[in-house]
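What follows is data.cif (mmCIF, C-alpha atoms, pLDDT in the B column; chains and numbers go by the auth columns).
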```
data_coords
loop_
_atom_site.group_PDB
_atom_site.id
_atom_site.type_symbol
_atom_site.label_atom_id
_atom_site.label_comp_id
_atom_site.label_asym_id
_atom_site.label_seq_id
_atom_site.Cartn_x
_atom_site.Cartn_y
_atom_site.Cartn_z
_atom_site.B_iso_or_equiv
_atom_site.auth_seq_id
_atom_site.auth_asym_id
ATOM 1 C CA MET A 1 -22.130 -44.650 -12.979 48.00 1 A
ATOM 2 C CA THR A 2 -19.560 -43.599 -10.387 53.00 2 A
ATOM 3 C CA GLY A 3 -16.855 -43.519 -13.043 54.00 3 A
ATOM 4 C CA GLY A 4 -18.074 -40.155 -14.351 60.00 4 A
ATOM 5 C CA ARG A 5 -17.813 -38.558 -10.924 60.00 5 A
ATOM 6 C CA ASP A 6 -14.332 -39.978 -10.419 66.00 6 A
ATOM 7 C CA VAL A 7 -13.192 -38.265 -13.613 64.00 7 A
ATOM 8 C CA TRP A 8 -14.590 -34.845 -12.638 66.00 8 A
ATOM 9 C CA LEU A 9 -13.281 -34.798 -9.061 64.00 9 A
ATOM 10 C CA PRO A 10 -9.605 -34.210 -10.053 65.00 10 A
ATOM 11 C CA VAL A 11 -10.671 -31.584 -12.607 64.00 11 A
ATOM 12 C CA VAL A 12 -12.681 -29.664 -10.005 61.00 12 A
ATOM 13 C CA ALA A 13 -9.839 -29.977 -7.464 60.00 13 A
ATOM 14 C CA LEU A 14 -7.343 -28.647 -10.022 61.00 14 A
ATOM 15 C CA ALA A 15 -9.626 -25.715 -10.889 61.00 15 A
ATOM 16 C CA LEU A 16 -10.045 -24.839 -7.204 59.00 16 A
ATOM 17 C CA ALA A 17 -6.279 -25.042 -6.665 56.00 17 A
ATOM 18 C CA ALA A 18 -5.680 -22.712 -9.634 57.00 18 A
ATOM 19 C CA CYS A 19 -8.203 -20.189 -8.259 50.00 19 A
ATOM 20 C CA TRP A 20 -6.581 -20.339 -4.812 50.00 20 A
ATOM 21 C CA ALA A 21 -3.084 -19.822 -6.254 50.00 21 A
ATOM 22 C CA THR A 22 -4.284 -16.812 -8.242 52.00 22 A
ATOM 23 C CA ALA A 23 -5.913 -15.272 -5.159 52.00 23 A
ATOM 24 C CA VAL A 24 -2.801 -15.809 -3.042 54.00 24 A
ATOM 25 C CA ARG A 25 -0.568 -14.091 -5.619 66.00 25 A
ATOM 26 C CA ARG A 26 -2.891 -11.086 -5.592 82.00 26 A
ATOM 27 C CA LEU A 27 -2.736 -10.684 -1.791 91.00 27 A
ATOM 28 C CA LEU A 28 0.005 -9.528 0.518 92.00 28 A
ATOM 29 C CA VAL A 29 0.208 -9.223 4.304 92.00 29 A
ATOM 30 C CA VAL A 30 2.232 -6.249 5.569 92.00 30 A
ATOM 31 C CA THR A 31 3.140 -5.241 9.122 91.00 31 A
ATOM 32 C CA VAL A 32 3.073 -1.521 9.901 92.00 32 A
ATOM 33 C CA ARG A 33 6.420 -0.166 11.143 90.00 33 A
ATOM 34 C CA GLY A 34 6.559 3.223 12.824 90.00 34 A
ATOM 35 C CA PRO A 35 3.963 5.840 13.792 93.00 35 A
ATOM 36 C CA SER A 36 3.351 7.519 10.418 92.00 36 A
ATOM 37 C CA MET A 37 -0.182 6.148 9.951 93.00 37 A
ATOM 38 C CA THR A 38 -1.422 6.718 13.508 93.00 38 A
ATOM 39 C CA PRO A 39 -4.307 6.920 14.416 94.00 39 A
ATOM 40 C CA THR A 40 -5.564 4.803 11.485 94.00 40 A
ATOM 41 C CA HIS A 41 -2.911 2.083 11.736 95.00 41 A
ATOM 42 C CA HIS A 42 -0.432 1.544 14.557 93.00 42 A
ATOM 43 C CA HIS A 43 3.060 0.081 14.757 92.00 43 A
ATOM 44 C CA GLY A 44 2.704 -3.700 14.622 92.00 44 A
ATOM 45 C CA ASP A 45 -0.717 -3.753 12.923 94.00 45 A
ATOM 46 C CA ARG A 46 -0.992 -6.366 10.177 95.00 46 A
ATOM 47 C CA LEU A 47 -2.716 -5.302 6.964 96.00 47 A
ATOM 48 C CA LEU A 48 -4.174 -7.319 4.112 95.00 48 A
ATOM 49 C CA VAL A 49 -3.204 -5.743 0.794 96.00 49 A
ATOM 50 C CA ARG A 50 -4.724 -6.411 -2.639 96.00 50 A
ATOM 51 C CA ARG A 51 -2.049 -6.077 -5.290 95.00 51 A
ATOM 52 C CA THR A 52 -2.980 -3.371 -7.798 93.00 52 A
ATOM 53 C CA ARG A 53 -1.634 -0.136 -9.172 83.00 53 A
ATOM 54 C CA THR A 54 -5.088 1.315 -9.711 94.00 54 A
ATOM 55 C CA VAL A 55 -5.599 3.670 -6.791 97.00 55 A
ATOM 56 C CA ARG A 56 -7.994 6.424 -5.758 97.00 56 A
ATOM 57 C CA ARG A 57 -7.577 9.423 -3.520 97.00 57 A
ATOM 58 C CA GLY A 58 -8.169 8.488 0.126 97.00 58 A
ATOM 59 C CA GLN A 59 -7.070 4.872 -0.132 98.00 59 A
ATOM 60 C CA VAL A 60 -4.285 3.531 2.074 97.00 60 A
ATOM 61 C CA VAL A 61 -1.614 1.861 -0.037 97.00 61 A
ATOM 62 C CA VAL A 62 1.627 -0.046 0.322 96.00 62 A
ATOM 63 C CA ALA A 63 4.488 1.206 -1.828 95.00 63 A
ATOM 64 C CA LEU A 64 8.190 0.636 -2.261 92.00 64 A
ATOM 65 C CA ARG A 65 10.172 2.922 0.004 88.00 65 A
ATOM 66 C CA PRO A 66 12.505 5.298 -1.873 84.00 66 A
ATOM 67 C CA ARG A 67 16.121 4.251 -1.332 74.00 67 A
ATOM 68 C CA SER A 68 17.909 7.560 -1.177 64.00 68 A
ATOM 69 C CA PRO A 69 16.638 9.784 1.613 57.00 69 A
ATOM 70 C CA ALA A 70 18.350 9.820 4.967 55.00 70 A
ATOM 71 C CA VAL A 71 15.237 11.413 6.493 54.00 71 A
ATOM 72 C CA TRP A 72 13.543 8.121 7.397 53.00 72 A
ATOM 73 C CA ARG A 73 12.461 7.921 11.033 54.00 73 A
ATOM 74 C CA GLU A 74 10.567 4.693 10.490 51.00 74 A
ATOM 75 C CA ASP A 75 11.989 1.178 10.178 51.00 75 A
ATOM 76 C CA ARG A 76 14.932 1.700 7.840 59.00 76 A
ATOM 77 C CA HIS A 77 15.183 -2.008 7.102 64.00 77 A
ATOM 78 C CA SER A 78 11.709 -2.355 5.614 73.00 78 A
ATOM 79 C CA PRO A 79 11.544 -1.940 1.837 85.00 79 A
ATOM 80 C CA LEU A 80 7.857 -0.979 2.080 90.00 80 A
ATOM 81 C CA ILE A 81 5.870 1.999 3.336 92.00 81 A
ATOM 82 C CA VAL A 82 2.195 2.419 4.216 95.00 82 A
ATOM 83 C CA LYS A 83 0.681 5.790 3.241 97.00 83 A
ATOM 84 C CA ARG A 84 -2.597 7.401 2.165 97.00 84 A
ATOM 85 C CA VAL A 85 -3.140 8.550 -1.426 98.00 85 A
ATOM 86 C CA ALA A 86 -3.685 12.322 -1.321 97.00 86 A
ATOM 87 C CA ALA A 87 -3.838 12.833 -5.113 97.00 87 A
ATOM 88 C CA VAL A 88 -3.524 10.792 -8.303 97.00 88 A
ATOM 89 C CA PRO A 89 -2.316 11.763 -11.803 95.00 89 A
ATOM 90 C CA GLY A 90 -4.163 14.771 -13.212 94.00 90 A
ATOM 91 C CA GLU A 91 -5.634 15.910 -9.886 95.00 91 A
ATOM 92 C CA PRO A 92 -4.642 19.216 -8.281 94.00 92 A
ATOM 93 C CA VAL A 93 -1.669 18.977 -5.942 93.00 93 A
ATOM 94 C CA PRO A 94 -3.004 19.412 -2.377 94.00 94 A
ATOM 95 C CA PRO A 95 -1.549 22.557 -0.746 92.00 95 A
ATOM 96 C CA GLY A 96 1.596 21.820 1.264 89.00 96 A
ATOM 97 C CA SER A 97 1.746 18.180 0.151 90.00 97 A
ATOM 98 C CA VAL A 98 4.906 18.354 -1.961 89.00 98 A
ATOM 99 C CA PRO A 99 7.963 20.621 -1.913 85.00 99 A
ATOM 100 C CA PRO A 100 7.369 23.767 -4.018 76.00 100 A
ATOM 101 C CA LEU A 101 10.038 22.809 -6.558 69.00 101 A
ATOM 102 C CA ALA A 102 8.339 19.465 -7.198 67.00 102 A
ATOM 103 C CA GLU A 103 4.880 20.966 -7.617 65.00 103 A
ATOM 104 C CA GLY A 104 5.253 21.669 -11.319 63.00 104 A
ATOM 105 C CA ARG A 105 3.879 24.482 -13.431 68.00 105 A
ATOM 106 C CA ASP A 106 0.231 23.585 -13.717 86.00 106 A
ATOM 107 C CA GLY A 107 -0.297 22.545 -10.078 89.00 107 A
ATOM 108 C CA ARG A 108 -1.427 19.044 -11.044 93.00 108 A
ATOM 109 C CA VAL A 109 -0.005 15.629 -10.242 94.00 109 A
ATOM 110 C CA PRO A 110 2.015 14.541 -13.290 94.00 110 A
ATOM 111 C CA PRO A 111 1.234 11.358 -15.225 94.00 111 A
ATOM 112 C CA GLY A 112 2.581 8.217 -13.567 95.00 112 A
ATOM 113 C CA ARG A 113 2.937 9.895 -10.138 95.00 113 A
ATOM 114 C CA VAL A 114 0.934 10.058 -6.903 96.00 114 A
ATOM 115 C CA VAL A 115 1.001 12.111 -3.717 96.00 115 A
ATOM 116 C CA LEU A 116 1.364 9.843 -0.652 96.00 116 A
ATOM 117 C CA LEU A 117 0.954 11.192 2.883 97.00 117 A
ATOM 118 C CA GLY A 118 1.037 9.625 6.316 95.00 118 A
ATOM 119 C CA ASP A 119 -1.942 10.258 8.599 96.00 119 A
ATOM 120 C CA ASN A 120 0.401 11.382 11.413 95.00 120 A
ATOM 121 C CA THR A 121 1.894 14.548 9.931 90.00 121 A
ATOM 122 C CA ALA A 122 4.381 14.966 12.800 90.00 122 A
ATOM 123 C CA ALA A 123 5.921 11.525 12.304 89.00 123 A
ATOM 124 C CA SER A 124 5.653 10.765 8.597 90.00 124 A
ATOM 125 C CA VAL A 125 8.236 10.908 5.845 89.00 125 A
ATOM 126 C CA ASP A 126 6.158 11.203 2.698 92.00 126 A
ATOM 127 C CA SER A 127 5.471 13.449 -0.305 93.00 127 A
ATOM 128 C CA ARG A 128 5.885 16.551 1.883 92.00 128 A
ATOM 129 C CA GLN A 129 9.627 15.828 1.993 89.00 129 A
ATOM 130 C CA LEU A 130 10.115 13.548 -1.022 89.00 130 A
ATOM 131 C CA GLY A 131 7.771 14.928 -3.666 91.00 131 A
ATOM 132 C CA PHE A 132 5.774 12.711 -5.980 93.00 132 A
ATOM 133 C CA PHE A 133 5.998 8.925 -5.763 95.00 133 A
ATOM 134 C CA PRO A 134 6.087 6.809 -8.936 95.00 134 A
ATOM 135 C CA LEU A 135 2.747 5.076 -9.420 96.00 135 A
ATOM 136 C CA GLY A 136 4.732 2.003 -10.456 95.00 136 A
ATOM 137 C CA ASP A 137 6.116 1.763 -6.906 95.00 137 A
ATOM 138 C CA VAL A 138 2.620 1.262 -5.467 97.00 138 A
ATOM 139 C CA LEU A 139 2.176 -2.444 -4.769 96.00 139 A
ATOM 140 C CA GLY A 140 -1.414 -2.488 -3.639 97.00 140 A
ATOM 141 C CA VAL A 141 -4.353 -1.154 -1.645 97.00 141 A
ATOM 142 C CA VAL A 142 -5.001 -2.002 1.997 96.00 142 A
ATOM 143 C CA THR A 143 -8.308 -3.858 2.202 96.00 143 A
ATOM 144 C CA ARG A 144 -8.466 -4.537 5.935 94.00 144 A
ATOM 145 C CA SER A 145 -6.592 -4.896 9.208 92.00 145 A
ATOM 146 C CA LEU A 146 -5.893 -8.429 10.351 92.00 146 A
ATOM 147 C CA PRO A 147 -6.037 -9.672 13.941 87.00 147 A
ATOM 148 C CA ARG A 148 -2.786 -9.351 15.827 79.00 148 A
ATOM 149 C CA PRO A 149 -0.984 -12.542 16.799 73.00 149 A
ATOM 150 C CA GLU A 150 -1.779 -13.860 20.287 69.00 150 A
ATOM 151 C CA GLY A 151 -0.245 -11.658 22.945 58.00 151 A
ATOM 152 C CA GLY A 152 0.019 -8.674 20.620 56.00 152 A
ATOM 153 C CA HIS A 153 -1.476 -5.376 21.724 57.00 153 A
ATOM 154 C CA ARG A 154 -2.253 -2.151 19.974 57.00 154 A
ATOM 155 C CA GLY A 155 -0.409 0.891 21.032 52.00 155 A
#
```
So that I can check it, write out the structure of this file as structure tokens.
Amino acid sequence: MTGGRDVWLPVVALALAACWATAVRRLLVVTVRGPSMTPTHHHGDRLLVRRTRTVRRGQVVVALRPRSPAVWREDRHSPLIVKRVAAVPGEPVPPGSVPPLAEGRDGRVPPGRVVLLGDNTAASVDSRQLGFFPLGDVLGVVTRSLPRPEGGHRG
């Protein structure tokens, strides 16, 4: 009777491996660079990110950093940024969150765009300078902070 169990063991192991691989592809670990998200997240904090482009106002997200602007004060070598969603498509544009020329006629966030702001307004390059971000450049939503490596400190 052990033969039946021997047949199922590889099948169960393969199913578990497939589930694990799927979960790993959906997750990303990002290290915060710069002070733009202080006091919520600090330089060097590690964040667990769930890959998705479905976002809500108030969530902290990781997005692709726009290539063009020379206004970046944060790590210029990182292709990613960490910001808070201030408005999603169809919502009113928060006052002072985008340059007046980018605001549009109806005062709403256009389809396929989001308003991203850093929590530290004095040290963040975000929608206030760059306007709307493409929703397609959002990689995922921060789900939690991870422990710092041994010897790391917050500050």
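Counting all atoms listed in the file and comparing A:Leu130, A:Lys83, A:Val30, A:Gly140, the residue that lies closest to Gly118 (chain A) is A:Lys83.
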**Given the PyMOL selection byres ((chain A and resi 40) around 12), the residues it picks as a PyMOL selection string** = chain A and resi 32+35-39+41-43+45+47+59-60+82-84+118-120+142+144-145+154-155
**Message:** What does the structure give for the distance between CA of Pro79 (chain A) and CA of Pro94 (chain A), in Å to one decimal?
**Reply:** 26.2 Å
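Restricting the calculation to all atoms listed in the file, the smallest distance between Leu48 (chain A) and any of A:Ile81, A:Val62, A:Val93, A:Leu146 is found for A:Leu146.
Between CA of Arg51 (chain A) and CA of Gly96 (chain A) lies a distance of 28.9 Å.
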